[in-house]
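Structure, as structure tokens:
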Amino acid sequence: MELHPVSYSDLDQITRIEKETNEYPWNPNNFESSLDAGNSSIVLKDRTNIVGYAFFSVIGTDSHLLNITISKDYQGRGFGKKILKKVLLQSKVLGATIVFLEVRVSNFRAISFYEKFGFKRDAIRYNYYAGSPKEDALLMSKQGL
């Protein structure tokens, strides 16, 4: 398995994984504009397939985890941990001292995953996520990278 920054050539596979794993997925333009904006990114690949990816933005001492996803075929094998550890390390190297994220309040699996990494529950952002009905976001943060 190999970790490296996302390239534009990865976006087709990433978009496919996103559609398979998320009820309200990012579209190809979201990924492309994230790269165009200079956001940081990580992709984990085996020889030919993308296993997972993360996009995050570091501004000053703040890092914002925008998207982290593991392909359904690879979930439950520790690959999410590998990617999140790299996000935290890169955020620290880039000068961040805190990482923020939003997660659907119904995504108990993800919330538990983040809490294992030391993320704390900070607040609720009401009606944050699209859908019918709209869903609240739990705001979480991890300090002291």
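Chains: A, B, ... in order of the structure tokens. Residues: from 1 per chain. Ligands: from 1, in order shown.
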Fill in: Contacts of Ile14 of chain A within 8 Å, only C-alpha atoms, excl. fewer than 5 positions in-chain, as a list of chain:residue names
A:Ile50, A:Gly52, A:Tyr53
Practice prompt. Identify, on the basis of only C-alpha atoms, every residue whose closest approach to Ala54 of chain A does not exceed 12 Å; exclude the query and any residue fewer than 6 positions from it along the same chain; express the result as a ChimeraX atom specification.
Written response: /A:3-6,14,18,31,34-35,39-44,64-71,79-88,90,101
Worksheet item: Quick one: DSSP strand (DSSP E or B) residues in segment 19-75 of chain A, as an MDAnalysis selection string?
Response: chainID A and resid 40:45 50:59 62:70
Serialized selection, N, CA and C atoms, as a PDB file, in the first residue's frame:
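part.pdb was written with the following content:
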ATOM      1  N   SER A  40      -4.898  20.222   0.695  1.00  0.00           N
ATOM      2  CA  SER A  40      -4.063  19.037   0.819  1.00  0.00           C
ATOM      3  C   SER A  40      -4.922  17.795   0.598  1.00  0.00           C
ATOM      4  N   SER A  41      -4.267  16.719   0.168  1.00  0.00           N
ATOM      5  CA  SER A  41      -4.998  15.484  -0.095  1.00  0.00           C
ATOM      6  C   SER A  41      -4.057  14.296   0.038  1.00  0.00           C
ATOM      7  N   ILE A  42      -4.666  13.148   0.320  1.00  0.00           N
ATOM      8  CA  ILE A  42      -3.917  11.900   0.452  1.00  0.00           C
ATOM      9  C   ILE A  42      -4.740  10.809  -0.213  1.00  0.00           C
ATOM     10  N   VAL A  43      -4.071   9.958  -0.945  1.00  0.00           N
ATOM     11  CA  VAL A  43      -4.721   8.778  -1.504  1.00  0.00           C
ATOM     12  C   VAL A  43      -3.901   7.563  -1.071  1.00  0.00           C
ATOM     13  N   LEU A  44      -4.604   6.493  -0.731  1.00  0.00           N
ATOM     14  CA  LEU A  44      -3.964   5.225  -0.389  1.00  0.00           C
ATOM     15  C   LEU A  44      -4.314   4.244  -1.498  1.00  0.00           C
ATOM     16  N   LYS A  45      -3.265   3.691  -2.124  1.00  0.00           N
ATOM     17  CA  LYS A  45      -3.465   2.770  -3.249  1.00  0.00           C
ATOM     18  C   LYS A  45      -2.780   1.447  -2.975  1.00  0.00           C
ATOM     19  N   ILE A  50      -7.537   2.377  -5.798  1.00  0.00           N
ATOM     20  CA  ILE A  50      -7.556   3.328  -4.694  1.00  0.00           C
ATOM     21  C   ILE A  50      -8.335   2.685  -3.554  1.00  0.00           C
ATOM     22  N   VAL A  51      -7.720   2.650  -2.398  1.00  0.00           N
ATOM     23  CA  VAL A  51      -8.316   2.065  -1.198  1.00  0.00           C
ATOM     24  C   VAL A  51      -9.104   3.128  -0.446  1.00  0.00           C
ATOM     25  N   GLY A  52      -8.560   4.337  -0.388  1.00  0.00           N
ATOM     26  CA  GLY A  52      -9.217   5.425   0.314  1.00  0.00           C
ATOM     27  C   GLY A  52      -8.514   6.737   0.051  1.00  0.00           C
ATOM     28  N   TYR A  53      -9.105   7.806   0.582  1.00  0.00           N
ATOM     29  CA  TYR A  53      -8.561   9.141   0.330  1.00  0.00           C
ATOM     30  C   TYR A  53      -9.032  10.102   1.403  1.00  0.00           C
ATOM     31  N   ALA A  54      -8.353  11.226   1.466  1.00  0.00           N
ATOM     32  CA  ALA A  54      -8.754  12.311   2.367  1.00  0.00           C
ATOM     33  C   ALA A  54      -8.396  13.638   1.710  1.00  0.00           C
ATOM     34  N   PHE A  55      -9.238  14.625   1.949  1.00  0.00           N
ATOM     35  CA  PHE A  55      -8.983  16.000   1.525  1.00  0.00           C
ATOM     36  C   PHE A  55      -9.072  16.859   2.776  1.00  0.00           C
ATOM     37  N   PHE A  56      -8.114  17.771   2.930  1.00  0.00           N
ATOM     38  CA  PHE A  56      -8.119  18.648   4.094  1.00  0.00           C
ATOM     39  C   PHE A  56      -7.463  19.967   3.739  1.00  0.00           C
ATOM     40  N   SER A  57      -7.834  20.976   4.518  1.00  0.00           N
ATOM     41  CA  SER A  57      -7.357  22.330   4.257  1.00  0.00           C
ATOM     42  C   SER A  57      -6.657  22.854   5.507  1.00  0.00           C
ATOM     43  N   VAL A  58      -5.414  23.306   5.347  1.00  0.00           N
ATOM     44  CA  VAL A  58      -4.671  23.883   6.464  1.00  0.00           C
ATOM     45  C   VAL A  58      -4.512  25.374   6.205  1.00  0.00           C
ATOM     46  N   ILE A  59      -5.033  26.164   7.152  1.00  0.00           N
ATOM     47  CA  ILE A  59      -4.898  27.619   7.083  1.00  0.00           C
ATOM     48  C   ILE A  59      -4.394  28.073   8.443  1.00  0.00           C
ATOM     49  N   ASP A  62      -5.002  26.084  11.862  1.00  0.00           N
ATOM     50  CA  ASP A  62      -6.209  25.265  11.771  1.00  0.00           C
ATOM     51  C   ASP A  62      -6.156  24.329  10.571  1.00  0.00           C
ATOM     52  N   SER A  63      -6.539  23.089  10.801  1.00  0.00           N
ATOM     53  CA  SER A  63      -6.708  22.125   9.722  1.00  0.00           C
ATOM     54  C   SER A  63      -8.166  21.700   9.732  1.00  0.00           C
ATOM     55  N   HIS A  64      -8.766  21.619   8.553  1.00  0.00           N
ATOM     56  CA  HIS A  64     -10.170  21.234   8.429  1.00  0.00           C
ATOM     57  C   HIS A  64     -10.227  19.981   7.569  1.00  0.00           C
ATOM     58  N   LEU A  65     -10.637  18.870   8.176  1.00  0.00           N
ATOM     59  CA  LEU A  65     -10.811  17.624   7.435  1.00  0.00           C
ATOM     60  C   LEU A  65     -12.105  17.739   6.640  1.00  0.00           C
ATOM     61  N   LEU A  66     -11.973  17.766   5.319  1.00  0.00           N
ATOM     62  CA  LEU A  66     -13.107  18.005   4.440  1.00  0.00           C
ATOM     63  C   LEU A  66     -13.810  16.722   4.024  1.00  0.00           C
ATOM     64  N   ASN A  67     -13.026  15.667   3.809  1.00  0.00           N
ATOM     65  CA  ASN A  67     -13.585  14.408   3.317  1.00  0.00           C
ATOM     66  C   ASN A  67     -12.572  13.309   3.589  1.00  0.00           C
ATOM     67  N   ILE A  68     -13.027  12.209   4.147  1.00  0.00           N
ATOM     68  CA  ILE A  68     -12.197  11.012   4.298  1.00  0.00           C
ATOM     69  C   ILE A  68     -13.094   9.822   4.015  1.00  0.00           C
ATOM     70  N   THR A  69     -12.666   8.949   3.115  1.00  0.00           N
ATOM     71  CA  THR A  69     -13.498   7.837   2.673  1.00  0.00           C
ATOM     72  C   THR A  69     -12.628   6.625   2.376  1.00  0.00           C
ATOM     73  N   ILE A  70     -13.137   5.467   2.741  1.00  0.00           N
ATOM     74  CA  ILE A  70     -12.503   4.193   2.411  1.00  0.00           C
ATOM     75  C   ILE A  70     -13.471   3.424   1.523  1.00  0.00           C
TER      76      ILE A  70
END
Practice prompt. Mind giving me the straight-line distance from atom CA of Ala37 of chain A to atom CA of Glu23 of chain A in Å, one decimal?
Written response: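 So the answer is 24.9 Å.
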Worksheet item: In Å to one decimal, how far is atom CA of Thr21 of chain A from atom CA of Ser9 of chain A?
Response: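 Taking atom CA of Ser9 of chain A and atom CA of Thr21 of chain A, their separation equals 20.0 Å.
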Discussion item. Would you pick out the contacts of segment 128-142 of chain A at 6 Å or less, using only C-alpha atoms, so that residues sharing its chain but fewer than 3 positions from it are not included, and give the list as a list of chain:residue names?
Written reply: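 Final neighbour list, sorted by chain and number: A:Ile98, A:Val99, A:Phe100, A:Leu101, A:Glu102, A:Val103, A:Arg104, A:Val105, A:Phe119, A:Lys120, A:Arg121, A:Asp122, A:Ala123, A:Ile124, A:Arg125.
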Worksheet item: Nearest to Gln13 of chain A among A:Val93, A:Tyr114, A:Tyr126, A:Thr48, with distances taken over only C-alpha atoms: which residue is it?
Response: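 The shortest atom-to-atom distance to Gln13 of chain A comes from A:Thr48.
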Worksheet item: Using only C-alpha atoms, which of the listed residues (A:Asn22, A:Phe113, A:Tyr8, A:Leu145) sits closest to Gly78 of chain A?
Response: A:Phe113
